[in-house]
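Here's the structure we're looking at; comments come further down.
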Amino acid sequence: MKTLIVIPARYASTRLPGKPLLRIAGVPLVVRVLRQAMRCTSVTDVLVAADDERIADVVRAEGGQVMLTPPDLPSGGDRVAFAAREYGPADIIFNIQVDDPLVGPDIVDPLTELLAPAECSLIP
């Protein structure tokens with residue numbers, strides 16, 4: 001089973017520009033979310049879908065995978081959809097927002113177990 005986490009990260013946010021690179025206790029928000037995602041044992045790959053090379057540089061420095069997405073995509077969901085299409089087939093795709101640093105293996109791994117036998121295409 002192929003399970004993917006996509007973290008949409010938009011530097012050009014209208015409400016809080018540069019949010020993915022804002023630091024919490026000295027660590028960029030995108031790095032905190034990436035670290036949590038990379039701890040998930042049920043996940044095949046973690047991918048940050050970013051609109052800006054500054055985010056990409058930080059993610060790569062942390063050892064993460066990044067996909068640059070078109071800057072004109074209007075939402076995080078659009079960024080996730082773009083990245084998922086480019087990535088290729090996956091059985092489960094998690095969308096973890098860049099401002100959710102507390103979502104990690106204690107949530108994702110049990111959900112993966114629960115969803116693995118399910119035959120559905122979307123859970124709201």
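Chain identifiers are assigned as A, B, and so on, following the order in which chains appear in the structure tokens; residues are numbered from 1 within each chain, and ligands are numbered from 1 in order of appearance.
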
*asked:* Going by DSSP on the backbone, which residues of range 36-112 of chain A come out as helix (DSSP H, G or I)? List them as a ChimeraX atom specification.
replied: /A:36-38,53-61,76-87,105-112

*asked:* Report as number ranges by chain all protein, DNA and RNA residues lying within 12 Å of Leu22 in chain A, evaluated on only C-alpha atoms, omitting residues in the same chain fewer than 6 positions from it.
replied: A: 9-11, 16, 28-32, 54-55, 58, 98-99

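Using only C-alpha atoms for every distance, the candidate list A:Glu86, A:Asp91, A:Asp78, A:Asp100 yields A:Asp91 as the residue closest to Leu115 in chain A.
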
_Taking 3 positions as the minimum chain separation for residues in the same chain, which residues sit within 10 Å of range 66-74 of chain A when counting only C-alpha atoms? Answer as a VMD selection string._
chain A and resid 6 to 13 46 to 53 55 to 60 63 77 to 80 82 to 83 86 to 87

*Leaving out Gln36 in chain A and any residue of its chain fewer than 4 positions from it, which residues lie within 9 Å of it when counting only C-alpha atoms, given as JSON, numbers by chain?*
{"A": [31, 32, 40, 101, 102, 103, 104, 105]}

Pull C-alpha atoms from the residues just selected and write them as a tab-separated table (two decimals), in the first residue's frame.
chain	number	residue	atom	x	y	z
A	31	VAL	CA	10.02	22.02	9.39
A	32	ARG	CA	7.98	21.22	12.51
A	40	CYS	CA	4.71	8.36	10.62
A	101	PRO	CA	2.44	21.01	13.77
A	102	LEU	CA	0.73	18.68	16.24
A	103	VAL	CA	-0.53	16.22	13.61
A	104	GLY	CA	1.82	13.27	13.64
A	105	PRO	CA	2.07	9.51	13.96

*Which residue gives the smallest distance to Gln97 in chain A among A:Ser42, A:Met1, A:Val33, A:Ala84, with only C-alpha atoms counted?*
A:Val33

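Taking CA of Val43 in chain A and CA of Leu4 in chain A as the two end points, the separation is 5.9 Å.
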
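Nearest residue to Ala37 in chain A among A:Ile92, A:Ala118, A:Ala61, A:Ile5 is A:Ile5, counting only C-alpha atoms.
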
*Please, what distance in Å, to one decimal, runs between CA of Thr112 in chain A and CA of Gln65 in chain A?*
20.7 Å

*Smallest atom-to-atom distance to Thr3 in chain A: which of A:Ile96, A:Leu111, A:Ala90, A:Met38, using only C-alpha atoms?*
A:Ala90

*Could you pull out the strand (DSSP E) residues of chain A from DSSP and send them as a PyMOL selection string?*
chain A and resi 3-9+23-24+27-28+45-50+65-68+92-95
